[in-house]
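Asker: Supplied structure: input_34.cif, mmCIF, C-alpha atoms.
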data_model
loop_
_atom_site.label_atom_id
_atom_site.label_comp_id
_atom_site.auth_asym_id
_atom_site.auth_seq_id
_atom_site.Cartn_x
_atom_site.Cartn_y
_atom_site.Cartn_z
CA MET A 1 0.00 0.00 0.00
CA THR A 2 1.40 3.37 -0.91
CA LEU A 3 0.77 6.97 0.08
CA VAL A 4 1.77 9.58 -2.52
CA GLY A 5 4.35 7.15 -3.87
CA LEU A 6 5.75 6.24 -0.44
CA ASP A 7 5.18 2.89 1.21
CA LEU A 8 2.65 3.26 4.02
CA ASP A 9 4.56 0.95 6.39
CA TYR A 10 7.70 3.06 6.10
CA VAL A 11 5.70 6.28 6.47
CA ALA A 12 4.17 4.92 9.69
CA CYS A 13 7.67 4.23 11.03
CA VAL A 14 8.79 7.77 10.18
CA VAL A 15 5.72 9.25 11.92
CA LEU A 16 6.30 7.10 15.02
CA PHE A 17 9.99 8.04 15.07
CA CYS A 18 9.12 11.75 14.87
CA VAL A 19 6.57 11.45 17.70
CA GLY A 20 9.29 9.89 19.86
CA LEU A 21 11.88 12.50 18.82
CA TYR A 22 9.49 15.34 19.67
CA MET A 23 8.86 13.83 23.12
CA LEU A 24 12.58 13.38 23.68
CA VAL A 25 13.42 17.00 22.80
CA ALA A 26 10.36 19.02 23.86
CA LYS A 27 9.39 17.36 27.15
CA SER A 28 11.10 18.51 30.31
CA ASN A 29 10.17 15.47 32.42
CA LEU A 30 12.97 12.90 32.31
CA ILE A 31 10.56 9.92 32.45
CA LYS A 32 8.73 11.33 29.42
CA LYS A 33 12.07 11.68 27.64
CA VAL A 34 12.76 7.98 28.29
CA ILE A 35 9.29 7.09 26.97
CA GLY A 36 10.04 9.19 23.88
CA LEU A 37 13.32 7.33 23.41
CA ASN A 38 11.44 4.02 23.63
CA VAL A 39 8.90 5.19 21.04
CA MET A 40 11.79 6.07 18.71
CA GLU A 41 13.36 2.66 19.30
CA THR A 42 10.05 0.96 18.53
CA ALA A 43 9.86 2.88 15.26
CA VAL A 44 13.35 1.71 14.29
CA PHE A 45 12.55 -1.92 15.17
CA ALA A 46 9.31 -1.79 13.20
CA PHE A 47 11.20 -0.30 10.25
CA ILE A 48 13.88 -3.01 10.28
CA VAL A 49 11.38 -5.86 10.65
CA THR A 50 9.07 -4.53 7.97
CA SER A 51 11.98 -4.12 5.56
CA GLY A 52 12.56 -7.89 5.77
CA MET A 53 8.98 -8.75 4.83
CA ILE A 54 8.17 -10.24 1.46
CA GLU A 55 4.95 -10.36 -0.56
CA GLY A 56 2.97 -13.43 0.66
CA GLY A 57 5.89 -14.55 2.81
CA GLN A 58 5.83 -17.02 5.70
CA GLU A 59 7.84 -16.92 8.92
CA PRO A 60 11.33 -18.39 8.27
CA ILE A 61 10.69 -21.72 10.02
CA VAL A 62 11.22 -24.68 7.70
CA VAL A 63 8.74 -27.38 8.79
CA ALA A 64 6.34 -29.67 6.98
CA GLY A 65 3.66 -27.54 5.36
CA SER A 66 5.73 -24.36 5.06
CA ALA A 67 6.91 -23.21 1.66
CA PRO A 68 8.89 -20.32 0.20
CA PRO A 69 8.84 -17.35 0.02
CA TYR A 70 10.06 -16.87 3.59
CA THR A 71 10.58 -13.48 5.20
CA SER A 72 14.24 -12.68 5.75
CA PRO A 73 15.45 -14.02 9.13
CA ILE A 74 18.27 -11.46 9.49
CA PRO A 75 16.13 -8.41 10.39
CA HIS A 76 14.31 -10.49 13.02
CA ALA A 77 17.57 -11.57 14.66
CA MET A 78 18.99 -8.03 14.53
CA VAL A 79 15.85 -6.54 16.07
CA LEU A 80 15.97 -9.13 18.87
CA THR A 81 19.44 -7.81 19.69
CA GLY A 82 18.19 -4.24 19.45
CA ILE A 83 15.29 -4.88 21.82
CA VAL A 84 17.65 -6.27 24.47
CA VAL A 85 19.88 -3.20 24.15
CA ALA A 86 16.82 -0.93 24.34
CA VAL A 87 15.66 -2.64 27.54
CA SER A 88 19.15 -2.26 29.03
CA VAL A 89 19.31 1.44 28.14
CA THR A 90 15.83 2.02 29.60
CA ALA A 91 16.70 0.22 32.83
CA VAL A 92 19.91 2.19 33.39
CA ALA A 93 18.18 5.48 32.47
CA LEU A 94 15.34 4.83 34.93
CA ALA A 95 17.80 3.90 37.67
CA LEU A 96 19.69 7.17 37.09
CA ILE A 97 16.41 9.12 37.09
CA ALA A 98 15.50 7.50 40.43
CA GLN A 99 18.88 8.69 41.76
CA ILE A 100 18.25 12.22 40.48
CA HIS A 101 14.85 12.23 42.18
CA ALA A 102 16.34 10.96 45.44
CA HIS A 103 19.04 13.65 45.42
CA TYR A 104 17.23 16.70 44.05
CA GLY A 105 13.55 15.93 44.58
CA THR A 106 12.62 16.67 40.98
CA ILE A 107 12.96 15.08 37.55
CA GLU A 108 12.01 18.19 35.53
CA VAL A 109 14.97 19.35 33.45
CA ASP A 110 14.07 23.05 33.73
CA GLU A 111 13.85 22.78 37.53
CA LEU A 112 17.14 20.88 37.66
CA LYS A 113 18.80 23.71 35.70
CA GLU A 114 17.65 26.23 38.35
CA LEU A 115 19.38 24.28 41.12
CA PRO A 116 22.56 25.88 42.51
CA MET B 1 12.08 24.70 23.19
CA ARG B 2 8.84 23.62 21.58
CA VAL B 3 9.57 25.59 18.39
CA PHE B 4 13.07 24.18 18.22
CA ALA B 5 11.73 20.65 18.74
CA LEU B 6 9.12 21.07 15.99
CA ALA B 7 11.73 22.44 13.59
CA LEU B 8 14.08 19.57 14.37
CA VAL B 9 11.30 17.01 13.91
CA LEU B 10 10.33 18.55 10.55
CA VAL B 11 13.92 18.49 9.29
CA VAL B 12 14.41 14.88 10.45
CA ALA B 13 11.05 13.83 8.97
CA ALA B 14 11.90 15.44 5.62
CA THR B 15 15.28 13.71 5.54
CA MET B 16 13.74 10.34 6.35
CA VAL B 17 10.95 10.74 3.78
CA ILE B 18 13.61 11.41 1.12
CA GLY B 19 15.40 8.32 2.42
CA ILE B 20 12.40 5.98 2.26
CA ALA B 21 11.52 7.29 -1.21
CA GLY B 22 14.84 5.86 -2.39
CA LEU B 23 14.36 2.43 -0.81
CA PRO B 24 13.59 -0.65 -2.90
CA PRO B 25 9.85 -1.44 -3.12
CA HIS B 26 8.51 -2.94 0.10
CA GLY B 27 8.00 -6.71 -0.01
CA ASP B 28 9.83 -7.02 -3.33
CA PRO B 29 11.37 -10.55 -3.56
CA ASP B 30 14.33 -9.09 -5.52
CA GLY B 31 15.19 -6.48 -2.88
CA PRO B 32 18.69 -6.57 -1.39
CA VAL B 33 17.44 -7.92 1.97
CA HIS B 34 16.18 -11.06 0.19
CA THR B 35 18.96 -11.62 -2.32
CA HIS B 36 22.29 -11.42 -0.50
CA VAL B 37 23.26 -13.29 2.66
CA GLY B 38 19.60 -13.64 3.67
CA ALA B 39 18.88 -15.83 0.65
CA ARG B 40 21.86 -18.02 1.47
CA TYR B 41 20.68 -18.48 5.07
CA LEU B 42 17.25 -19.52 3.76
CA GLU B 43 18.73 -22.00 1.26
CA GLN B 44 21.52 -23.51 3.36
CA GLY B 45 20.41 -22.71 6.90
CA VAL B 46 18.65 -25.97 7.71
CA ALA B 47 21.43 -28.10 6.21
CA GLU B 48 24.25 -26.12 7.83
CA THR B 49 22.84 -25.63 11.31
CA GLY B 50 20.24 -28.39 11.71
CA LEU B 51 17.85 -25.78 13.09
CA ARG B 52 14.40 -25.46 11.54
CA ASN B 53 13.75 -22.02 13.04
CA LEU B 54 16.04 -19.89 10.91
CA VAL B 55 15.78 -16.85 13.18
CA THR B 56 17.34 -19.01 15.92
CA ALA B 57 19.89 -20.26 13.39
CA VAL B 58 20.95 -16.69 12.56
CA LEU B 59 20.87 -15.69 16.21
CA LEU B 60 22.91 -18.54 17.70
CA VAL B 61 24.94 -20.09 14.90
CA TYR B 62 25.58 -17.50 12.15
CA ARG B 63 25.68 -14.46 14.42
CA GLY B 64 26.57 -16.00 17.75
CA PHE B 65 29.01 -13.22 18.66
CA ASP B 66 26.20 -10.71 18.36
CA THR B 67 24.02 -12.70 20.75
CA PHE B 68 26.92 -13.35 23.14
CA LEU B 69 27.55 -9.64 23.49
CA GLU B 70 23.81 -9.04 23.73
CA VAL B 71 23.53 -11.14 26.90
CA VAL B 72 26.67 -9.37 28.16
CA VAL B 73 24.98 -5.99 27.52
CA ILE B 74 21.87 -6.81 29.58
CA PHE B 75 24.05 -8.30 32.33
CA THR B 76 26.13 -5.10 32.33
CA ALA B 77 22.93 -3.06 32.61
CA LEU B 78 21.97 -5.08 35.69
CA VAL B 79 25.43 -4.53 37.19
CA ALA B 80 25.12 -0.77 36.53
CA VAL B 81 21.66 -0.59 38.11
CA LEU B 82 22.75 -2.61 41.15
CA ALA B 83 25.89 -0.48 41.52
CA LEU B 84 23.78 2.64 42.11
CA PRO B 85 22.93 3.25 45.76
CA SER B 86 19.27 2.46 46.35
CA ALA B 87 16.87 3.30 49.15
CA THR B 88 16.89 -0.29 50.39
CA ARG B 89 20.68 -0.40 50.67
CA GLN B 90 21.36 2.89 52.44
CA PRO B 91 24.19 3.45 54.90
CA PRO B 92 23.34 2.43 58.49
CA GLN B 93 22.98 5.92 59.99
CA SER B 94 20.00 6.83 57.80
CA ARG B 95 18.29 3.45 58.00
CA ASP B 96 15.71 4.57 60.59
CA GLU B 97 14.73 7.52 58.43
CA SER B 98 14.35 5.42 55.30
CA ALA B 99 12.41 2.77 57.20
CA ALA B 100 10.01 5.47 58.40
CA ALA B 101 9.77 6.82 54.84
CA SER B 102 8.98 3.40 53.39
CA ARG B 103 6.34 2.84 56.10
CA ARG B 104 4.73 6.10 55.09
CA ASP B 105 4.81 4.99 51.47
CA THR B 106 3.05 1.72 52.25
CA ASP B 107 0.41 3.54 54.30
CA ASP B 108 -0.33 5.89 51.43
CA ALA B 109 -0.23 3.17 48.80
CA VAL B 110 -3.52 2.15 47.22
CA PRO B 111 -4.22 -1.50 48.14
CA VAL B 112 -4.19 -3.95 45.25
CA SER B 113 -7.71 -4.60 43.98
CA PRO B 114 -8.96 -8.14 44.74
CA VAL B 115 -9.72 -8.56 41.04
CA VAL B 116 -6.12 -7.85 40.04
CA PHE B 117 -4.87 -10.03 42.92
CA LEU B 118 -6.99 -13.00 41.86
CA VAL B 119 -6.35 -12.61 38.13
CA VAL B 120 -2.57 -12.42 38.55
CA ARG B 121 -2.57 -15.39 40.94
CA LEU B 122 -4.74 -17.46 38.61
CA LEU B 123 -2.84 -16.52 35.46
CA ALA B 124 0.72 -16.90 36.78
CA PRO B 125 0.96 -20.68 36.28
CA PHE B 126 -0.50 -20.40 32.78
CA ILE B 127 1.96 -17.62 31.92
CA ALA B 128 4.78 -19.86 33.14
CA VAL B 129 3.51 -22.76 31.01
CA PHE B 130 3.28 -20.44 28.01
CA ALA B 131 6.88 -19.36 28.55
CA LEU B 132 8.02 -22.98 28.76
CA ALA B 133 6.03 -23.86 25.64
CA SER B 134 7.60 -20.94 23.79
CA LEU B 135 11.01 -22.27 24.79
CA TYR B 136 10.23 -25.95 24.19
CA ARG B 137 8.48 -25.45 20.85
CA GLY B 138 10.85 -22.66 19.78
CA HIS B 139 12.46 -24.79 17.08
CA VAL B 140 9.23 -25.25 15.08
CA THR B 141 7.13 -22.21 16.09
CA PRO B 142 8.02 -18.55 16.62
CA GLY B 143 9.64 -18.39 20.04
CA GLY B 144 12.85 -19.22 21.82
CA GLY B 145 15.06 -18.16 24.70
CA PHE B 146 14.61 -14.39 24.60
CA GLN B 147 10.83 -14.56 24.13
CA SER B 148 10.58 -17.02 26.99
CA ALA B 149 12.77 -14.79 29.17
CA ALA B 150 10.51 -11.81 28.51
CA ILE B 151 7.38 -13.81 29.43
CA ILE B 152 8.84 -15.29 32.64
CA GLY B 153 10.28 -11.89 33.60
CA ALA B 154 6.89 -10.23 33.06
CA MET B 155 5.23 -12.91 35.21
CA MET B 156 7.71 -12.35 38.04
CA ILE B 157 7.23 -8.57 37.81
CA ALA B 158 3.42 -8.98 37.90
CA LEU B 159 3.74 -11.21 40.99
CA GLY B 160 6.08 -8.65 42.54
CA LEU B 161 3.57 -5.83 41.95
CA VAL B 162 0.69 -7.77 43.51
CA PHE B 163 2.33 -9.71 46.35
CA GLY B 164 5.13 -7.30 47.19
CA ARG B 165 8.80 -7.42 46.38
CA GLU B 166 9.74 -9.74 49.24
CA HIS B 167 7.48 -12.52 47.96
CA ALA B 168 8.61 -12.14 44.35
CA ALA B 169 12.25 -12.09 45.43
CA ARG B 170 11.73 -15.59 46.88
CA LEU B 171 11.07 -16.91 43.36
CA VAL B 172 14.83 -16.67 42.79
CA PRO B 173 16.80 -18.88 45.21
CA HIS B 174 18.96 -16.57 47.30
CA GLY B 175 22.15 -18.64 47.19
CA ALA B 176 22.00 -19.08 43.42
CA LYS B 177 20.93 -15.50 42.64
CA ALA B 178 24.31 -14.17 41.54
CA TRP B 179 24.97 -17.26 39.41
CA LEU B 180 21.54 -17.10 37.78
CA GLN B 181 22.01 -13.40 36.98
CA ALA B 182 25.26 -14.21 35.20
CA LEU B 183 23.94 -17.46 33.67
CA GLY B 184 23.62 -16.09 30.10
CA PRO B 185 27.19 -14.78 29.69
CA LEU B 186 28.72 -17.72 31.64
CA VAL B 187 26.98 -20.46 29.65
CA PHE B 188 27.67 -18.62 26.41
CA ALA B 189 31.37 -18.47 27.27
CA VAL B 190 31.42 -22.20 28.13
CA VAL B 191 29.63 -23.14 24.90
CA ALA B 192 31.97 -20.87 22.94
CA LEU B 193 35.00 -22.61 24.45
CA VAL B 194 33.51 -26.06 23.82
CA GLY B 195 32.98 -25.00 20.21
CA TRP B 196 36.57 -23.79 20.07
CA ARG B 197 37.83 -27.15 21.34
CA LEU B 198 35.70 -29.08 18.84
CA THR B 199 35.94 -26.96 15.69
CA GLY B 200 38.90 -24.63 16.21
CA ALA B 201 36.63 -21.56 16.00
CA PHE B 202 35.39 -19.56 18.99
CA LEU B 203 31.62 -20.13 19.23
CA GLY B 204 31.91 -22.67 16.42
CA PHE B 205 29.30 -25.39 16.14
CA PRO B 206 30.35 -28.87 14.91
CA ALA B 207 28.98 -29.04 11.37
CA ASP B 208 29.30 -32.73 10.43
CA GLU B 209 26.30 -35.04 10.46
CA ALA B 210 27.74 -37.29 13.22
CA ALA B 211 27.78 -34.40 15.72
CA HIS B 212 24.13 -33.56 15.12
CA ALA B 213 23.01 -34.51 18.63
CA LEU B 214 25.87 -32.56 20.25
CA ARG B 215 25.10 -29.47 18.16
CA GLU B 216 21.45 -29.67 19.12
CA ALA B 217 22.39 -30.07 22.79
CA LEU B 218 24.62 -26.97 22.64
CA VAL B 219 21.80 -24.90 21.13
CA VAL B 220 19.29 -26.14 23.73
CA ILE B 221 21.72 -25.33 26.56
CA LEU B 222 22.19 -21.81 25.15
CA GLU B 223 18.44 -21.27 24.79
CA VAL B 224 17.69 -22.43 28.34
CA ALA B 225 20.50 -20.25 29.72
CA ILE B 226 19.20 -17.22 27.81
CA ALA B 227 15.64 -17.86 29.05
CA VAL B 228 16.51 -18.39 32.73
CA GLY B 229 19.27 -15.79 32.91
CA GLY B 230 17.24 -13.22 30.99
CA ALA B 231 14.15 -13.72 33.15
CA VAL B 232 16.14 -13.38 36.39
CA ILE B 233 17.89 -10.24 35.08
CA LEU B 234 14.58 -8.62 34.02
CA ALA B 235 13.00 -9.36 37.40
CA GLN B 236 16.08 -8.10 39.27
CA LEU B 237 16.15 -4.89 37.21
CA PHE B 238 12.56 -4.26 38.20
CA MET B 239 13.15 -5.10 41.87
CA ALA B 240 16.14 -2.74 41.96
CA LEU B 241 14.14 0.10 40.38
CA ASP B 242 11.07 -0.57 42.50
CA ALA B 243 12.83 0.49 45.71
CA PRO B 244 11.07 3.56 47.12
CA SER B 245 13.36 6.58 47.22
#
Write the structure described by the file as structure tokens, please.
Answerer:
Amino acid sequence: MTLVGLDLDYVACVVLFCVGLYMLVAKSNLIKKVIGLNVMETAVFAFIVTSGMIEGGQEPIVVAGSAPPYTSPIPHAMVLTGIVVAVSVTAVALALIAQIHAHYGTIEVDELKELP
Amino acid sequence: MRVFALALVLVVAATMVIGIAGLPPHGDPDGPVHTHVGARYLEQGVAETGLRNLVTAVLLVYRGFDTFLEVVVIFTALVAVLALPSATRQPPQSRDESAAASRRDTDDAVPVSPVVFLVVRLLAPFIAVFALASLYRGHVTPGGGFQSAAIIGAMMIALGLVFGREHAARLVPHGAKAWLQALGPLVFAVVALVGWRLTGAFLGFPADEAAHALREALVVILEVAIAVGGAVILAQLFMALDAPS
């Protein structure tokens, strides 16, 4: 399916990425920034997985009753790696935010800038 | 800030739209993702690795280094989170204060609804069975170690939310906790060295037909280690973050 000559799946990924980027840059709350980062990551994962899809393809598991074309297994494996890294980044970021809250009592960037 | 963010988003969006306009058609069987190394994996994967699930084949056999470092990354994240001082591990002099603070927190906390309590308690065994099925059937259906780890980890986190952290922490045997947290990287290193001994390549898998059973055993060991180690790490990450501060 296309939208003004662009593939709709890719356009959806770009829109999702931009929503996440806006959250990351415009929001002052650190938790919201982390959520924005996760939205961006999801957009990238969706983009990579969808790029490996094939017209009428099946999942790349060769068992009785499955037949080519198969979707490419490489994007799936790469995204699995990416998801683990994304989870790790989120966990460390949240732990640091908890520290910031414990020390300064706020997680708003503009309030943190005011601190002496 | 908002204007700057909008401008940045517009510039990035425009760049990416130009980028996707130049991509090969989506789902095209002749696109580069389907014609280079991906096509070779699909043609030779089953014969070369003996694995029917080609995503697992790519993950563990063709790109084992990638996955090895991946379990190291999540283990490192756990180490980083645990290295930060948390409210539950404060120095002795402020323990009374923090105990009082956590008591206040529990008093203010909204009690768990009986519906949520019952549903989580009823569903937990089924979630665990689903995770085991995803691991056990991972070679012929979508699933495998990481998926199973995510499901078990989510179950432990749900139990921790409903029953309290102390109860959920008992799901992981205390004496074996440190070993289970490091299970993924440790088992991966052992399997990599076994592969080195057998094939001369780090993380190599014996390719000949006679070693089929051994190769399968190595993959199963890796998958189980990823599932158990990953689940324990996910639960521990949550427990560490959950501490009231």
Asker: Convert the output of the PyMOL selection byres ((chain B) within 7 of (chain A)) on the shown file into explicit residues, formatted as a VMD selection string.
Answerer: chain B and resid 1 to 2 5 to 6 9 13 16 20 to 21 26 to 29 33 to 34 38 52 to 55 58 to 59 67 70 73 to 74 77 80 to 81 140 237 241 245
Asker: Give me the result of the PyMOL selection byres ((chain A and resi 112) around 12) on this file, residue by residue, as a PyMOL selection string.
Answerer: chain A and resi 28-30+97+100-101+103-111+113-116
Asker: Could you please take those selected residues and save C-alpha atoms as a PDB file, in the frame of the given file?
Answerer:
ATOM      1  CA  SER A  28      11.100  18.510  30.310  1.00  0.00           C
ATOM      2  CA  ASN A  29      10.170  15.470  32.420  1.00  0.00           C
ATOM      3  CA  LEU A  30      12.970  12.900  32.310  1.00  0.00           C
ATOM      4  CA  ILE A  97      16.410   9.120  37.090  1.00  0.00           C
ATOM      5  CA  ILE A 100      18.250  12.220  40.480  1.00  0.00           C
ATOM      6  CA  HIS A 101      14.850  12.230  42.180  1.00  0.00           C
ATOM      7  CA  HIS A 103      19.040  13.650  45.420  1.00  0.00           C
ATOM      8  CA  TYR A 104      17.230  16.700  44.050  1.00  0.00           C
ATOM      9  CA  GLY A 105      13.550  15.930  44.580  1.00  0.00           C
ATOM     10  CA  THR A 106      12.620  16.670  40.980  1.00  0.00           C
ATOM     11  CA  ILE A 107      12.960  15.080  37.550  1.00  0.00           C
ATOM     12  CA  GLU A 108      12.010  18.190  35.530  1.00  0.00           C
ATOM     13  CA  VAL A 109      14.970  19.350  33.450  1.00  0.00           C
ATOM     14  CA  ASP A 110      14.070  23.050  33.730  1.00  0.00           C
ATOM     15  CA  GLU A 111      13.850  22.780  37.530  1.00  0.00           C
ATOM     16  CA  LYS A 113      18.800  23.710  35.700  1.00  0.00           C
ATOM     17  CA  GLU A 114      17.650  26.230  38.350  1.00  0.00           C
ATOM     18  CA  LEU A 115      19.380  24.280  41.120  1.00  0.00           C
ATOM     19  CA  PRO A 116      22.560  25.880  42.510  1.00  0.00           C
TER      20      PRO A 116
END
Asker: From the list B:Val224, B:Ala192, B:Ala178, B:Met239, which residue is nearest Ser134 of chain B when using only C-alpha atoms?
Answerer: B:Val224
Asker: If I take atom CA of Val112 of chain B and atom CA of His167 of chain B, how far is one from the other in Å, to one decimal?
Answerer: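 Value for the atom CA of Val112 of chain B-atom CA of His167 of chain B distance: 14.7 Å.
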Asker: Measure the distance from atom CA of Ala213 of chain B to atom CA of Leu69 of chain B in Å and round it to one decimal.
Answerer: 25.7 Å
Asker: If the PyMOL selection byres ((chain B and resi 61) around 8) is run on the structure shown, which residues does it catch, given as a PyMOL selection string?
Answerer: chain B and resi 49+56-60+62-64+203-205
Asker: Scan for residues within 9 Å of the point (13.3, -27.0, 19.3) in the coordinates of the file, using all atoms listed in the file, and reply as an NGL selection string.
Answerer: :B and (51-53 or 135-141 or 144 or 216 or 219-220)
Asker: May I ask for the distance between atom CA of Arg165 of chain B and atom CA of Gln181 of chain B, given in Å to one decimal place?
Answerer: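 Value for the atom CA of Arg165 of chain B-atom CA of Gln181 of chain B distance: 17.3 Å.
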Asker: Report the centre and edge lengths, in Å to one decimal, of an axis-aligned box enclosing every atom of segment 171-180 of chain B listed in the file, padded by 5 Å on each side, as JSON.
Answerer:
{"center_x": 18.0, "center_y": -16.6, "center_z": 42.5, "size_x": 23.9, "size_y": 14.9, "size_z": 19.5}
Asker: Can you patch up segment 55-69 of chain A, filling it in to N, CA and C atoms, and show the result as a PDB file, keeping the file's coordinate frame?
Answerer:
ATOM      1  N   GLU A  55       6.353 -10.215  -0.124  1.00  0.00           N
ATOM      2  CA  GLU A  55       4.950 -10.360  -0.560  1.00  0.00           C
ATOM      3  C   GLU A  55       4.511 -11.816  -0.378  1.00  0.00           C
ATOM      4  N   GLY A  56       3.473 -12.069   0.451  1.00  0.00           N
ATOM      5  CA  GLY A  56       2.970 -13.430   0.660  1.00  0.00           C
ATOM      6  C   GLY A  56       3.925 -14.333   1.402  1.00  0.00           C
ATOM      7  N   GLY A  57       4.857 -13.749   2.163  1.00  0.00           N
ATOM      8  CA  GLY A  57       5.890 -14.550   2.810  1.00  0.00           C
ATOM      9  C   GLY A  57       5.402 -15.225   4.080  1.00  0.00           C
ATOM     10  N   GLN A  58       6.096 -16.319   4.441  1.00  0.00           N
ATOM     11  CA  GLN A  58       5.830 -17.020   5.700  1.00  0.00           C
ATOM     12  C   GLN A  58       6.974 -16.748   6.659  1.00  0.00           C
ATOM     13  N   GLU A  59       6.748 -17.059   7.953  1.00  0.00           N
ATOM     14  CA  GLU A  59       7.840 -16.920   8.920  1.00  0.00           C
ATOM     15  C   GLU A  59       8.947 -17.913   8.546  1.00  0.00           C
ATOM     16  N   PRO A  60      10.222 -17.542   8.748  1.00  0.00           N
ATOM     17  CA  PRO A  60      11.330 -18.390   8.270  1.00  0.00           C
ATOM     18  C   PRO A  60      11.554 -19.605   9.155  1.00  0.00           C
ATOM     19  N   ILE A  61      10.557 -20.475   9.253  1.00  0.00           N
ATOM     20  CA  ILE A  61      10.690 -21.720  10.020  1.00  0.00           C
ATOM     21  C   ILE A  61      10.358 -22.851   9.052  1.00  0.00           C
ATOM     22  N   VAL A  62      11.377 -23.661   8.733  1.00  0.00           N
ATOM     23  CA  VAL A  62      11.220 -24.680   7.700  1.00  0.00           C
ATOM     24  C   VAL A  62      10.684 -25.953   8.341  1.00  0.00           C
ATOM     25  N   VAL A  63       9.359 -26.143   8.286  1.00  0.00           N
ATOM     26  CA  VAL A  63       8.740 -27.380   8.790  1.00  0.00           C
ATOM     27  C   VAL A  63       7.810 -27.897   7.700  1.00  0.00           C
ATOM     28  N   ALA A  64       7.278 -29.099   7.937  1.00  0.00           N
ATOM     29  CA  ALA A  64       6.340 -29.670   6.980  1.00  0.00           C
ATOM     30  C   ALA A  64       5.149 -28.719   6.824  1.00  0.00           C
ATOM     31  N   GLY A  65       4.790 -28.416   5.594  1.00  0.00           N
ATOM     32  CA  GLY A  65       3.660 -27.540   5.360  1.00  0.00           C
ATOM     33  C   GLY A  65       4.038 -26.094   5.129  1.00  0.00           C
ATOM     34  N   SER A  66       5.314 -25.727   5.358  1.00  0.00           N
ATOM     35  CA  SER A  66       5.730 -24.360   5.060  1.00  0.00           C
ATOM     36  C   SER A  66       6.450 -24.368   3.711  1.00  0.00           C
ATOM     37  N   ALA A  67       6.320 -23.274   2.990  1.00  0.00           N
ATOM     38  CA  ALA A  67       6.910 -23.210   1.660  1.00  0.00           C
ATOM     39  C   ALA A  67       7.409 -21.798   1.405  1.00  0.00           C
ATOM     40  N   PRO A  68       8.422 -21.653   0.553  1.00  0.00           N
ATOM     41  CA  PRO A  68       8.890 -20.320   0.200  1.00  0.00           C
ATOM     42  C   PRO A  68       7.750 -19.534  -0.455  1.00  0.00           C
ATOM     43  N   PRO A  69       7.770 -18.223  -0.513  1.00  0.00           N
ATOM     44  CA  PRO A  69       8.840 -17.350   0.020  1.00  0.00           C
ATOM     45  C   PRO A  69       8.774 -17.209   1.538  1.00  0.00           C
TER      46      PRO A  69
END
